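Here's the structure, in structure tokens; my notes come after.
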Amino acid sequence: MRRSDLGEFEEVVLLTVAVMVPKAYSVIIAEELERETGQPVSTGAVHAALQRLEQKGYVTSVLGEATAERGGRRKRLFTVTALGGRVLTDVRSVRNRLWERIVPPTMLEWS
């Protein structure tokens, strides 16, 4: 397996960016993760993960237009890069191969 340096939280943030494009910014990403996981997700944690993902080249960002609802401030909008997409595909492939190797009776014991 190629080393991707992608942590679990970074992975779900990166996936959420892919889902939310073209409106992927930290607040809406945190809200979506809370909906999906049922757990509180801080905007600060999402923002930090987005910064790490951008440093790794997995996402890029641009400043959107200023809006009245944000007091004239601009949102930083994120998009998954080609490298980020390849990393997500690699991670998914590894996970799928491992899940396929779980024997069905084992899964029944988890219930």
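Each chain in the structure tokens gets a letter, A, B and so on, in the order shown; residues start at 1 in every chain, and ligands are counted from 1 in the order they appear.
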Can you check which residues of chain A DSSP gives as strand (DSSP E or B) on the backbone and send them as a PDB file with N, CA, C and O atoms, in the first residue's frame?
ATOM      1  N   VAL A  59      -6.447  18.994  -1.585  1.00  0.00           N
ATOM      2  CA  VAL A  59      -7.501  19.956  -1.903  1.00  0.00           C
ATOM      3  C   VAL A  59      -6.851  21.280  -2.295  1.00  0.00           C
ATOM      4  O   VAL A  59      -5.696  21.537  -1.965  1.00  0.00           O
ATOM      5  N   THR A  60      -7.618  22.080  -3.015  1.00  0.00           N
ATOM      6  CA  THR A  60      -7.234  23.466  -3.280  1.00  0.00           C
ATOM      7  C   THR A  60      -8.388  24.332  -2.801  1.00  0.00           C
ATOM      8  O   THR A  60      -9.503  23.852  -2.601  1.00  0.00           O
ATOM      9  N   SER A  61      -8.104  25.614  -2.616  1.00  0.00           N
ATOM     10  CA  SER A  61      -9.171  26.513  -2.165  1.00  0.00           C
ATOM     11  C   SER A  61      -9.098  27.844  -2.900  1.00  0.00           C
ATOM     12  O   SER A  61      -8.038  28.241  -3.387  1.00  0.00           O
ATOM     13  N   VAL A  62     -10.245  28.472  -2.967  1.00  0.00           N
ATOM     14  CA  VAL A  62     -10.361  29.827  -3.509  1.00  0.00           C
ATOM     15  C   VAL A  62     -11.302  30.590  -2.595  1.00  0.00           C
ATOM     16  O   VAL A  62     -12.138  29.994  -1.906  1.00  0.00           O
ATOM     17  N   LEU A  63     -11.171  31.898  -2.593  1.00  0.00           N
ATOM     18  CA  LEU A  63     -12.107  32.724  -1.831  1.00  0.00           C
ATOM     19  C   LEU A  63     -13.335  32.994  -2.685  1.00  0.00           C
ATOM     20  O   LEU A  63     -13.213  33.423  -3.833  1.00  0.00           O
ATOM     21  N   GLY A  64     -14.506  32.706  -2.106  1.00  0.00           N
ATOM     22  CA  GLY A  64     -15.760  32.984  -2.796  1.00  0.00           C
ATOM     23  C   GLY A  64     -16.124  34.459  -2.657  1.00  0.00           C
ATOM     24  O   GLY A  64     -15.363  35.253  -2.093  1.00  0.00           O
ATOM     25  N   GLU A  65     -17.276  34.773  -3.167  1.00  0.00           N
ATOM     26  CA  GLU A  65     -17.764  36.154  -3.100  1.00  0.00           C
ATOM     27  C   GLU A  65     -18.176  36.517  -1.676  1.00  0.00           C
ATOM     28  O   GLU A  65     -18.614  35.665  -0.913  1.00  0.00           O
ATOM     29  N   ALA A  66     -18.042  37.797  -1.342  1.00  0.00           N
ATOM     30  CA  ALA A  66     -18.510  38.298  -0.047  1.00  0.00           C
ATOM     31  C   ALA A  66     -20.035  38.232  -0.021  1.00  0.00           C
ATOM     32  O   ALA A  66     -20.689  38.466  -1.033  1.00  0.00           O
ATOM     33  N   ARG A  74     -15.795  36.721   3.045  1.00  0.00           N
ATOM     34  CA  ARG A  74     -15.795  35.745   1.970  1.00  0.00           C
ATOM     35  C   ARG A  74     -15.561  34.339   2.522  1.00  0.00           C
ATOM     36  O   ARG A  74     -14.834  34.168   3.491  1.00  0.00           O
ATOM     37  N   LYS A  75     -16.176  33.346   1.896  1.00  0.00           N
ATOM     38  CA  LYS A  75     -15.978  31.949   2.286  1.00  0.00           C
ATOM     39  C   LYS A  75     -14.781  31.393   1.525  1.00  0.00           C
ATOM     40  O   LYS A  75     -14.567  31.713   0.357  1.00  0.00           O
ATOM     41  N   ARG A  76     -14.013  30.525   2.174  1.00  0.00           N
ATOM     42  CA  ARG A  76     -12.948  29.792   1.489  1.00  0.00           C
ATOM     43  C   ARG A  76     -13.564  28.475   1.029  1.00  0.00           C
ATOM     44  O   ARG A  76     -13.970  27.638   1.826  1.00  0.00           O
ATOM     45  N   LEU A  77     -13.652  28.310  -0.282  1.00  0.00           N
ATOM     46  CA  LEU A  77     -14.284  27.139  -0.888  1.00  0.00           C
ATOM     47  C   LEU A  77     -13.223  26.129  -1.319  1.00  0.00           C
ATOM     48  O   LEU A  77     -12.216  26.500  -1.932  1.00  0.00           O
ATOM     49  N   PHE A  78     -13.461  24.863  -1.016  1.00  0.00           N
ATOM     50  CA  PHE A  78     -12.478  23.813  -1.264  1.00  0.00           C
ATOM     51  C   PHE A  78     -12.938  22.859  -2.354  1.00  0.00           C
ATOM     52  O   PHE A  78     -14.133  22.594  -2.508  1.00  0.00           O
ATOM     53  N   THR A  79     -11.954  22.341  -3.098  1.00  0.00           N
ATOM     54  CA  THR A  79     -12.177  21.362  -4.160  1.00  0.00           C
ATOM     55  C   THR A  79     -11.118  20.271  -4.030  1.00  0.00           C
ATOM     56  O   THR A  79      -9.965  20.565  -3.718  1.00  0.00           O
ATOM     57  N   VAL A  80     -11.498  19.034  -4.300  1.00  0.00           N
ATOM     58  CA  VAL A  80     -10.558  17.913  -4.271  1.00  0.00           C
ATOM     59  C   VAL A  80      -9.693  17.977  -5.532  1.00  0.00           C
ATOM     60  O   VAL A  80     -10.196  18.161  -6.636  1.00  0.00           O
TER      61      VAL A  80
END
> Could you pull the residues within 9 Å of A:Gly84, counting only C-alpha atoms, minus those fewer than 6 positions along the same chain, as a PyMOL selection string?
Replying inline: chain A and resi 14+53+56-59
>> Which residue is closest to A:Gln55? Choose from A:Glu100, A:Asp5, A:Asp90, A:Glu34 and count only C-alpha atoms.
In response: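 That would be A:Asp5, the residue with the smallest distance to A:Gln55.
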> So how many Å separate atom CA of A:Thr81 and atom CA of A:Ala18, to one decimal?
Replying inline: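 Those two atoms sit 9.6 Å apart.
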Do you know which residues are at most 12 Å from stretch 36-43 of chain A counting only C-alpha atoms, after dropping those on the same chain fewer than 5 positions away, and could you put them as a CSV table (one decimal) with all heavy atoms, in the first residue's frame?
chain,number,residue,atom,x,y,z
A,9,PHE,N,-10.0,11.2,10.2
A,9,PHE,CA,-10.8,12.4,10.1
A,9,PHE,C,-10.5,13.2,8.8
A,9,PHE,O,-11.5,13.7,8.2
A,9,PHE,CB,-10.5,13.3,11.3
A,9,PHE,CG,-11.4,14.5,11.4
A,9,PHE,CD1,-12.8,14.3,11.7
A,9,PHE,CD2,-11.0,15.8,11.2
A,9,PHE,CE1,-13.6,15.4,11.8
A,9,PHE,CE2,-11.8,16.9,11.3
A,9,PHE,CZ,-13.2,16.7,11.6
A,12,VAL,N,-12.6,11.5,6.0
A,12,VAL,CA,-14.0,11.9,5.9
A,12,VAL,C,-14.2,13.4,5.6
A,12,VAL,O,-15.2,13.7,4.9
A,12,VAL,CB,-14.8,11.5,7.2
A,12,VAL,CG1,-14.9,10.0,7.4
A,12,VAL,CG2,-14.3,12.2,8.4
A,13,VAL,N,-13.3,14.2,6.0
A,13,VAL,CA,-13.4,15.6,5.5
A,13,VAL,C,-13.2,15.7,4.0
A,13,VAL,O,-13.9,16.4,3.3
A,13,VAL,CB,-12.4,16.5,6.3
A,13,VAL,CG1,-12.3,17.9,5.7
A,13,VAL,CG2,-12.8,16.6,7.8
A,15,LEU,N,-13.7,13.4,1.8
A,15,LEU,CA,-14.9,12.8,1.2
A,15,LEU,C,-16.0,13.8,1.2
A,15,LEU,O,-16.8,14.0,0.2
A,15,LEU,CB,-15.3,11.5,1.9
A,15,LEU,CG,-14.6,10.3,1.6
A,15,LEU,CD1,-14.9,9.2,2.6
A,15,LEU,CD2,-14.9,9.8,0.2
A,16,THR,N,-16.2,14.5,2.3
A,16,THR,CA,-17.3,15.5,2.4
A,16,THR,C,-17.0,16.7,1.4
A,16,THR,O,-18.0,17.2,0.8
A,16,THR,CB,-17.4,16.0,3.8
A,16,THR,OG1,-17.6,14.8,4.7
A,16,THR,CG2,-18.6,16.9,4.0
A,25,TYR,N,-17.2,24.5,2.2
A,25,TYR,CA,-16.4,25.4,3.1
A,25,TYR,C,-16.6,24.8,4.5
A,25,TYR,O,-17.5,24.0,4.8
A,25,TYR,CB,-16.8,26.8,3.0
A,25,TYR,CG,-18.2,27.2,3.4
A,25,TYR,CD1,-18.5,27.7,4.7
A,25,TYR,CD2,-19.3,27.0,2.6
A,25,TYR,CE1,-19.8,28.0,5.1
A,25,TYR,CE2,-20.6,27.3,2.9
A,25,TYR,CZ,-20.8,27.8,4.2
A,25,TYR,OH,-22.1,28.1,4.6
A,26,SER,N,-15.7,25.2,5.5
A,26,SER,CA,-15.6,24.6,6.8
A,26,SER,C,-16.9,24.4,7.5
A,26,SER,O,-17.2,23.4,8.1
A,26,SER,CB,-14.6,25.3,7.6
A,26,SER,OG,-14.9,26.6,7.8
A,27,VAL,N,-17.8,25.4,7.6
A,27,VAL,CA,-19.0,25.4,8.4
A,27,VAL,C,-19.9,24.3,7.8
A,27,VAL,O,-20.4,23.5,8.5
A,27,VAL,CB,-19.7,26.7,8.4
A,27,VAL,CG1,-21.1,26.6,9.1
A,27,VAL,CG2,-18.8,27.7,9.2
A,28,ILE,N,-20.1,24.3,6.5
A,28,ILE,CA,-21.1,23.4,5.9
A,28,ILE,C,-20.5,21.9,5.9
A,28,ILE,O,-21.3,21.0,6.1
A,28,ILE,CB,-21.5,23.8,4.5
A,28,ILE,CG1,-22.8,23.1,4.1
A,28,ILE,CG2,-20.4,23.5,3.5
A,28,ILE,CD1,-23.5,23.8,3.0
A,29,ILE,N,-19.2,21.8,5.9
A,29,ILE,CA,-18.6,20.5,6.0
A,29,ILE,C,-18.8,19.9,7.4
A,29,ILE,O,-19.2,18.8,7.6
A,29,ILE,CB,-17.1,20.6,5.7
A,29,ILE,CG1,-16.9,20.9,4.2
A,29,ILE,CG2,-16.4,19.3,6.0
A,29,ILE,CD1,-15.5,21.3,3.8
A,30,ALA,N,-18.6,20.8,8.4
A,30,ALA,CA,-18.8,20.3,9.8
A,30,ALA,C,-20.3,19.9,10.0
A,30,ALA,O,-20.6,18.9,10.6
A,30,ALA,CB,-18.4,21.5,10.8
A,31,GLU,N,-21.2,20.7,9.5
A,31,GLU,CA,-22.6,20.4,9.6
A,31,GLU,C,-23.0,19.1,8.9
A,31,GLU,O,-23.7,18.2,9.5
A,31,GLU,CB,-23.5,21.5,9.0
A,31,GLU,CG,-23.5,22.8,9.8
A,31,GLU,CD,-24.2,24.0,9.1
A,31,GLU,OE1,-24.6,23.8,8.0
A,31,GLU,OE2,-24.3,25.0,9.8
A,48,ALA,N,-8.8,22.9,10.6
A,48,ALA,CA,-7.4,22.4,10.7
A,48,ALA,C,-7.2,21.3,9.7
A,48,ALA,O,-6.1,21.2,9.1
A,48,ALA,CB,-7.2,22.0,12.1
A,49,ALA,N,-8.1,20.4,9.6
A,49,ALA,CA,-8.0,19.2,8.6
A,49,ALA,C,-7.9,19.8,7.2
A,49,ALA,O,-7.1,19.3,6.4
A,49,ALA,CB,-9.2,18.3,8.8
A,50,LEU,N,-8.7,20.8,6.9
A,50,LEU,CA,-8.6,21.3,5.5
A,50,LEU,C,-7.3,22.0,5.2
A,50,LEU,O,-6.7,21.8,4.1
A,50,LEU,CB,-9.7,22.4,5.3
A,50,LEU,CG,-11.2,21.8,5.2
A,50,LEU,CD1,-12.2,22.9,5.4
A,50,LEU,CD2,-11.3,21.0,3.9
>> As an exercise, work out the distance from atom CA of A:Thr89 to atom CA of A:Met20 in Å and give it to one decimal place.
In response: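 Separation of atom CA of A:Thr89 and atom CA of A:Met20: 17.5 Å.
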